[in-house]
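**Q** For reference, this is my_file_34.txt, and it has compact mmCIF, N, CA and C atoms.
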```txt
# COMPACT_ATOMS: atom_id res chain seq x y z
N MET B 125 28.39 50.86 53.88
CA MET B 125 29.29 50.31 52.86
C MET B 125 28.52 49.56 51.79
N ASP B 126 27.25 49.32 51.99
CA ASP B 126 26.47 48.64 50.95
C ASP B 126 26.35 49.50 49.70
N TYR B 127 26.32 50.81 49.88
CA TYR B 127 26.19 51.68 48.72
C TYR B 127 27.42 51.60 47.83
N VAL B 128 28.58 51.36 48.41
CA VAL B 128 29.80 51.23 47.61
C VAL B 128 29.73 49.98 46.74
N SER B 129 29.33 48.88 47.33
CA SER B 129 29.24 47.64 46.56
C SER B 129 28.12 47.71 45.53
N ALA B 130 27.11 48.55 45.75
CA ALA B 130 26.03 48.70 44.77
C ALA B 130 26.45 49.60 43.61
N LEU B 131 27.37 50.52 43.84
CA LEU B 131 27.78 51.46 42.80
C LEU B 131 28.96 50.99 41.96
N VAL B 132 29.76 50.07 42.47
CA VAL B 132 30.96 49.65 41.75
C VAL B 132 30.65 48.99 40.40
N PRO B 133 29.74 48.02 40.32
CA PRO B 133 29.51 47.40 39.00
C PRO B 133 29.04 48.38 37.91
N PRO B 134 28.08 49.29 38.18
CA PRO B 134 27.71 50.22 37.12
C PRO B 134 28.85 51.17 36.72
N ILE B 135 29.66 51.56 37.66
CA ILE B 135 30.79 52.45 37.35
C ILE B 135 31.81 51.72 36.49
N VAL B 136 32.08 50.47 36.81
CA VAL B 136 33.03 49.68 36.02
C VAL B 136 32.49 49.47 34.61
N MET B 137 31.20 49.13 34.49
CA MET B 137 30.61 48.92 33.16
C MET B 137 30.61 50.22 32.36
N ALA B 138 30.35 51.34 33.00
CA ALA B 138 30.37 52.62 32.31
C ALA B 138 31.78 52.94 31.82
N ALA B 139 32.78 52.66 32.61
CA ALA B 139 34.16 52.92 32.20
C ALA B 139 34.54 52.06 30.99
N PHE B 140 34.16 50.78 31.00
CA PHE B 140 34.46 49.92 29.86
C PHE B 140 33.69 50.37 28.61
N PHE B 141 32.45 50.80 28.78
CA PHE B 141 31.65 51.27 27.65
C PHE B 141 32.27 52.52 27.04
N ILE B 142 32.70 53.44 27.87
CA ILE B 142 33.35 54.66 27.37
C ILE B 142 34.62 54.30 26.62
N GLY B 143 35.39 53.36 27.16
CA GLY B 143 36.60 52.92 26.47
C GLY B 143 36.29 52.28 25.13
N LEU B 144 35.24 51.47 25.07
CA LEU B 144 34.84 50.84 23.81
C LEU B 144 34.44 51.87 22.77
N VAL B 145 33.67 52.86 23.17
CA VAL B 145 33.26 53.91 22.25
C VAL B 145 34.47 54.69 21.75
N ARG B 146 35.41 54.98 22.63
CA ARG B 146 36.61 55.71 22.21
C ARG B 146 37.42 54.90 21.20
N VAL B 147 37.55 53.60 21.41
CA VAL B 147 38.29 52.76 20.46
C VAL B 147 37.57 52.73 19.11
N ILE B 148 36.26 52.60 19.12
CA ILE B 148 35.50 52.57 17.86
C ILE B 148 35.66 53.89 17.11
N VAL B 149 35.57 54.99 17.81
CA VAL B 149 35.69 56.30 17.16
C VAL B 149 37.10 56.50 16.62
N LYS B 150 38.11 56.11 17.37
CA LYS B 150 39.49 56.31 16.92
C LYS B 150 39.85 55.45 15.73
N THR B 151 39.22 54.28 15.58
CA THR B 151 39.58 53.40 14.47
C THR B 151 38.78 53.68 13.21
N GLN B 152 37.89 54.65 13.24
CA GLN B 152 37.16 55.02 12.03
C GLN B 152 38.03 55.94 11.19
N GLY B 153 38.10 55.64 9.91
CA GLY B 153 38.90 56.49 9.02
C GLY B 153 40.38 56.28 9.23
N GLY B 154 41.14 57.28 8.98
CA GLY B 154 42.58 57.20 9.17
C GLY B 154 43.28 56.49 8.03
N ALA B 155 44.48 56.03 8.30
CA ALA B 155 45.32 55.43 7.28
C ALA B 155 44.77 54.10 6.78
N ALA B 156 44.07 53.37 7.61
CA ALA B 156 43.59 52.05 7.22
C ALA B 156 42.26 52.10 6.47
N LYS B 157 41.65 53.27 6.36
CA LYS B 157 40.33 53.38 5.73
C LYS B 157 40.36 52.93 4.27
N ALA B 158 41.35 53.34 3.52
CA ALA B 158 41.42 52.97 2.11
C ALA B 158 41.59 51.46 1.95
N LYS B 159 42.40 50.86 2.82
CA LYS B 159 42.60 49.42 2.75
C LYS B 159 41.32 48.67 3.09
N GLU B 160 40.59 49.16 4.10
CA GLU B 160 39.33 48.51 4.48
C GLU B 160 38.29 48.67 3.38
N ASP B 161 38.23 49.86 2.76
CA ASP B 161 37.29 50.07 1.67
C ASP B 161 37.61 49.17 0.48
N ALA B 162 38.89 49.01 0.18
CA ALA B 162 39.29 48.14 -0.92
C ALA B 162 38.93 46.68 -0.63
N ALA B 163 39.06 46.26 0.62
CA ALA B 163 38.70 44.89 0.98
C ALA B 163 37.21 44.66 0.83
N VAL B 164 36.41 45.65 1.22
CA VAL B 164 34.96 45.54 1.07
C VAL B 164 34.58 45.49 -0.40
N ASP B 165 35.20 46.34 -1.22
CA ASP B 165 34.91 46.35 -2.65
C ASP B 165 35.28 45.00 -3.28
N ALA B 166 36.42 44.44 -2.90
CA ALA B 166 36.83 43.15 -3.44
C ALA B 166 35.86 42.05 -3.02
N ALA B 167 35.37 42.12 -1.79
CA ALA B 167 34.40 41.12 -1.34
C ALA B 167 33.10 41.24 -2.10
N LEU B 168 32.68 42.47 -2.39
CA LEU B 168 31.45 42.65 -3.17
C LEU B 168 31.60 42.11 -4.58
N VAL B 169 32.75 42.36 -5.19
CA VAL B 169 32.98 41.87 -6.55
C VAL B 169 32.98 40.34 -6.56
N SER B 170 33.64 39.73 -5.60
CA SER B 170 33.67 38.27 -5.58
C SER B 170 32.31 37.69 -5.25
N ALA B 171 31.51 38.39 -4.45
CA ALA B 171 30.16 37.91 -4.13
C ALA B 171 29.25 37.99 -5.35
N ARG B 172 29.52 38.93 -6.24
CA ARG B 172 28.71 39.07 -7.45
C ARG B 172 29.20 38.17 -8.57
N GLY B 173 30.15 37.34 -8.31
CA GLY B 173 30.64 36.41 -9.31
C GLY B 173 31.60 37.03 -10.30
N GLY B 174 32.34 38.06 -9.87
CA GLY B 174 33.33 38.68 -10.73
C GLY B 174 32.78 39.76 -11.62
N GLN B 175 31.50 40.09 -11.49
CA GLN B 175 30.92 41.16 -12.30
C GLN B 175 31.46 42.50 -11.83
N ALA B 176 31.43 43.46 -12.72
CA ALA B 176 31.85 44.81 -12.36
C ALA B 176 30.86 45.37 -11.35
N PRO B 177 31.33 46.20 -10.43
CA PRO B 177 30.42 46.76 -9.44
C PRO B 177 29.35 47.62 -10.11
N ALA B 178 28.16 47.61 -9.54
CA ALA B 178 27.06 48.41 -10.07
C ALA B 178 27.35 49.88 -9.87
N SER B 179 26.74 50.70 -10.71
CA SER B 179 26.97 52.14 -10.57
C SER B 179 26.39 52.62 -9.26
N THR B 180 27.03 53.63 -8.70
CA THR B 180 26.57 54.15 -7.42
C THR B 180 25.46 55.15 -7.65
N ALA B 181 24.70 55.41 -6.61
CA ALA B 181 23.60 56.37 -6.71
C ALA B 181 24.15 57.75 -7.04
N GLY B 182 23.51 58.42 -7.97
CA GLY B 182 23.98 59.75 -8.36
C GLY B 182 24.95 59.72 -9.52
N ASN B 183 25.55 58.58 -9.79
CA ASN B 183 26.48 58.44 -10.91
C ASN B 183 25.96 57.45 -11.94
N ALA B 184 24.67 57.24 -11.96
CA ALA B 184 24.10 56.25 -12.87
C ALA B 184 24.25 56.72 -14.31
N THR B 185 24.76 55.83 -15.14
CA THR B 185 24.89 56.12 -16.56
C THR B 185 24.14 55.06 -17.33
N THR B 186 23.71 55.43 -18.52
CA THR B 186 22.99 54.47 -19.34
C THR B 186 23.80 54.23 -20.61
N ASP B 187 23.75 53.03 -21.10
CA ASP B 187 24.42 52.68 -22.35
C ASP B 187 23.38 52.74 -23.46
N ALA B 188 23.36 53.84 -24.20
CA ALA B 188 22.37 53.98 -25.26
C ALA B 188 23.00 53.95 -26.61
```
Just give me the structure as structure tokens.
**A**
Amino acid sequence: MDYVSALVPPIVMAAFFIGLVRVIVKTQGGAAKAKEDAAVDAALVSARGGQAPASTAGNATTDA
């Protein structure tokens, strides 16, 4: 019976880890993605002191 008590903690931890990974994967994207992206963009703008966001890579434009 010692082998049962030795195997239970790793099995329990593995089950919780699998559950955690499933929750993380399921909460990526979906209906809340746009709201989360907007919150991040607003935080970046406020962190920059209200300046307009910098151009993204690949969309760089120059004012000539």
**Q** Report the distance between atom N of B:Ala155 and atom C of B:Met137 in Å, rounded to one decimal place.
**A**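 Here the two named atoms are 28.4 Å from each other.
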**Q** Calculate how many Å separate atom CA of B:Val128 from atom CA of B:Ile142, rounding to one decimal.
**A**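 Taking atom CA of B:Val128 as the start and atom CA of B:Ile142 as the end point, the length is 20.8 Å.
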**Q** Report the distance between atom N of B:Ala130 and atom N of B:Arg146 in Å, rounded to one decimal place.
**A**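 Separation of atom N of B:Ala130 and atom N of B:Arg146: 25.4 Å.
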